[in-house]
Amino acid sequence: MLPERFADWSYHPDLLARPVPRYTSYPTAAEFTEESFEDRQFAALRALRGKVSLYLHIPYCHEICWYCGCNTGAANKRARLEGYLEALHREIELVEGELHPSVRVSRIAFGGGSPNAIAPTDFVRLIHSMTLAFRMEQPVLSIELDPRSLTPDWLVAIRGIGVIKASLGVQTLDPRVQAAIGRVQPTDLIERAVDGLRKAGVNSINFDLMYGLPFQDDAVLAETLDRTIAMAPERVALFGYAHVPRMIPRQQRIDATALPGQRDRFRMAAEGNARLVAGGYQAVGFDHFALPRDDLARAAESGTLRRNFQGFTDDQAPALIGLGASSISEFPDLYVQNEKNAGRYRMLVGDNRLPGRKGVARTADDRLRGAMIEDILCQGSTRLPSALAGLAQQRIAPFAERGLARIDGDRLVLEPGGEPYARSIAAVFDIYREGAGQFSSAV
Ligand code: SF4
């Protein structure tokens, strides 16, 4: 029997049954062990040379959305925010003291939470602190923003500092779905945010959108996508909502009976993909889209697309230093995650200690498999080392039989229409994931 087809994709539920990671790293965060990584963090910082990127985590939001799996809490106490910012400044000083003079910062990304939960003056102070502490190489500045708290003062700060990339949490433009996920924000508010950011000099705006939400059907998703296309953000990320209330208790407020099933989710992803492509976007990786003029689309075209803890990126720096509670640093041989709890993070940093409390050292085999997984997700193909060729032949067979991937000499290649299976195909090379795990469905 022929498989069902939705837009450009064929639906093979058996190939999507196994939960797989999103592979923003390999080994994934599930392999991190809990212990002090302070000494290894110091050593890794000292060993850095050349270009690095910085990521600063602000774990606060003015309102907490019911679906959110981020490490964030309510920004309702001034003293709590001030204490956290003081710790961030201290961590910047601690890191500064360890870096070799050749280290140059080429990117600074603010994420969260909602970085605009802090005052714009505090944001400017953080930028000044980093400018004094680190050698800058015309860094690209980016920020995640909650459009509901994007005040005129924030737009002034964004223009003054020279932020050129911004990501807006939009998720859906449908009022009923918004009410069902605890994030109400009228479309005209989003339009004003886009207009304000453009006037402030931001030339790459991303919308985070979701499918698989309660009460969301094809028509509801299509309307959000059409309105998005009309606003013309340079980038769109279309994620599948993962309902895991046992792991994320705030999701218990979402009515699970109103959620679409697996087949509906797949169809929404397929039709969403086709609609965005028809609207002028280029598909990038398995869930990102970019207008052809955007750096992300150019990176996908030129084969330089990368994947890191922030998702698909055109960032080429070989190391990422994470600052703030729960942020993850990526070094060539090591991933380190800072203490997640903001209170404990403050205590550690206040004690002049680096706050890395989880992580994993990457072996040569991890680096090899990680590079293959990144290639599959970013370039749609990878070279098969001879030691893994037999395993690939055997495990790729179910995908190859359905025309989703092929082995071509010493390369594994995803076929057109293989995109929704990319994570499942990549998981073939994941030595830590022989059985099912605690991850989300691939679609
Ligand atoms: S604003 Fe963003 S980070 Fe904050 S709770 Fe909502 S989804 Fe999560």
# chains A, B, ... in the order shown; residues from 1 in each chain; ligands from 1
>>> residues_near_ligand(ligand="ligand 1", cutoff="8 Å", atoms="only C-alpha atoms and all ligand atoms", output="PyMOL selection string")
chain A and resi 59-73+112-114+145-146+169+183
>>> write_last_selection(atoms="N, CA and C atoms", output="mmCIF file, in the first residue's frame")
data_model
loop_
_atom_site.group_PDB
_atom_site.id
_atom_site.type_symbol
_atom_site.label_atom_id
_atom_site.label_comp_id
_atom_site.auth_asym_id
_atom_site.auth_seq_id
_atom_site.Cartn_x
_atom_site.Cartn_y
_atom_site.Cartn_z
ATOM 1 N N PRO A 59 17.271 34.266 32.831
ATOM 2 C CA PRO A 59 16.214 33.271 33.128
ATOM 3 C C PRO A 59 14.961 33.875 33.768
ATOM 4 N N TYR A 60 14.473 34.947 33.172
ATOM 5 C CA TYR A 60 13.275 35.604 33.727
ATOM 6 C C TYR A 60 12.343 36.038 32.602
ATOM 7 N N CYS A 61 11.054 36.045 32.914
ATOM 8 C CA CYS A 61 10.031 36.526 31.985
ATOM 9 C C CYS A 61 8.974 37.272 32.794
ATOM 10 N N HIS A 62 8.323 38.236 32.150
ATOM 11 C CA HIS A 62 7.247 38.952 32.847
ATOM 12 C C HIS A 62 6.041 38.050 33.064
ATOM 13 N N GLU A 63 5.772 37.190 32.072
ATOM 14 C CA GLU A 63 4.672 36.225 32.217
ATOM 15 C C GLU A 63 5.192 34.865 31.773
ATOM 16 N N ILE A 64 4.766 33.826 32.470
ATOM 17 C CA ILE A 64 5.260 32.490 32.121
ATOM 18 C C ILE A 64 4.196 31.781 31.262
ATOM 19 N N CYS A 65 4.602 31.394 30.048
ATOM 20 C CA CYS A 65 3.687 30.706 29.133
ATOM 21 C C CYS A 65 3.571 29.240 29.565
ATOM 22 N N TRP A 66 2.406 28.673 29.380
ATOM 23 C CA TRP A 66 2.148 27.322 29.928
ATOM 24 C C TRP A 66 2.927 26.229 29.215
ATOM 25 N N TYR A 67 3.290 26.461 27.959
ATOM 26 C CA TYR A 67 3.960 25.411 27.179
ATOM 27 C C TYR A 67 5.468 25.399 27.370
ATOM 28 N N CYS A 68 5.998 26.430 28.026
ATOM 29 C CA CYS A 68 7.437 26.715 27.919
ATOM 30 C C CYS A 68 8.319 25.719 28.679
ATOM 31 N N GLY A 69 9.328 25.211 27.993
ATOM 32 C CA GLY A 69 10.274 24.290 28.616
ATOM 33 C C GLY A 69 11.605 24.957 28.961
ATOM 34 N N CYS A 70 11.675 26.289 28.830
ATOM 35 C CA CYS A 70 12.952 26.990 29.096
ATOM 36 C C CYS A 70 13.190 27.104 30.597
ATOM 37 N N ASN A 71 14.454 27.319 30.945
ATOM 38 C CA ASN A 71 14.796 27.591 32.335
ATOM 39 C C ASN A 71 14.495 29.059 32.605
ATOM 40 N N THR A 72 13.295 29.340 33.110
ATOM 41 C CA THR A 72 12.914 30.731 33.357
ATOM 42 C C THR A 72 11.935 30.816 34.515
ATOM 43 N N GLY A 73 11.916 31.972 35.148
ATOM 44 C CA GLY A 73 11.009 32.200 36.265
ATOM 45 C C GLY A 73 10.452 33.614 36.185
ATOM 46 N N GLY A 112 16.934 33.413 26.652
ATOM 47 C CA GLY A 112 16.313 33.201 27.953
ATOM 48 C C GLY A 112 15.290 32.080 27.916
ATOM 49 N N GLY A 113 14.252 32.247 28.716
ATOM 50 C CA GLY A 113 13.712 33.440 29.316
ATOM 51 C C GLY A 113 13.502 34.538 28.261
ATOM 52 N N SER A 114 13.329 35.705 28.780
ATOM 53 C CA SER A 114 13.167 36.883 27.919
ATOM 54 C C SER A 114 14.200 37.910 28.338
ATOM 55 N N LEU A 145 13.361 38.145 22.116
ATOM 56 C CA LEU A 145 12.496 39.177 22.699
ATOM 57 C C LEU A 145 11.070 38.680 22.874
ATOM 58 N N ASP A 146 10.474 39.111 23.978
ATOM 59 C CA ASP A 146 9.039 38.910 24.174
ATOM 60 C C ASP A 146 8.350 40.163 23.636
ATOM 61 N N GLY A 169 9.198 35.623 20.130
ATOM 62 C CA GLY A 169 8.350 34.486 20.486
ATOM 63 C C GLY A 169 6.934 34.798 20.019
ATOM 64 N N ARG A 183 -0.591 32.375 26.338
ATOM 65 C CA ARG A 183 0.251 33.433 25.771
ATOM 66 C C ARG A 183 -0.612 34.277 24.832
#
>>> residues_around(residues="Asp8 of chain A", least_positions_apart="4", cutoff="10 Å", atoms="only C-alpha atoms", output="list of chain:residue names")
A:Ala270, A:Glu271, A:Asn273, A:Ala274, A:Pro416, A:Gly417, A:Gly418
>>> select_by_dssp(residues="segment 178-240 of chain A", states="alpha helix (DSSP H)", output="ChimeraX atom specification")
/A:178-181,187-199,218-231
>>> residues_around(residues="Arg107 of chain A", least_positions_apart="5", cutoff="12 Å", atoms="only C-alpha atoms", output="PyMOL selection string")
chain A and resi 51-56+127+130-131+134-143+163-165+313-322
>>> closest_atom_pairs(of="segment 165-272 of chain A", to="segment 154-161 of chain A", cutoff="9 Å", atoms="only C-alpha atoms", output="Markdown table")
| residue | atom | partner | partner_atom | distance |
| --- | --- | --- | --- | --- |
| A:Gly196 | CA | A:Leu155 | CA | 6.7 |
| A:Leu197 | CA | A:Leu155 | CA | 6.6 |
| A:Lys199 | CA | A:Arg159 | CA | 8.3 |
| A:Ala200 | CA | A:Arg159 | CA | 4.6 |
| A:Gly201 | CA | A:Arg159 | CA | 6.0 |
| A:Val202 | CA | A:Arg159 | CA | 7.8 |
>>> write_last_selection(atoms="C-alpha atoms", output="PDB file, in the first residue's frame")
ATOM      1  CA  GLY A 196       9.866  49.043  15.720  1.00  0.00           C
ATOM      2  CA  LEU A 197      12.733  46.565  15.297  1.00  0.00           C
ATOM      3  CA  LYS A 199      13.309  51.163  12.492  1.00  0.00           C
ATOM      4  CA  ALA A 200      15.848  50.321  15.200  1.00  0.00           C
ATOM      5  CA  GLY A 201      18.162  48.812  12.562  1.00  0.00           C
ATOM      6  CA  VAL A 202      17.470  45.099  13.061  1.00  0.00           C
TER       7      VAL A 202
END
>>> select_by_dssp(residues="segment 183-396 of chain A", states="strand (DSSP E)", output="ChimeraX atom specification")
/A:204-211,235-240,282-284,288-290,306-308,311-313,320-323,328-331,334-338,356-361,381-383
>>> atom_distance(atom1="atom CA of Asn116 of chain A", atom2="atom CA of Pro186 of chain A")
18.5 Å
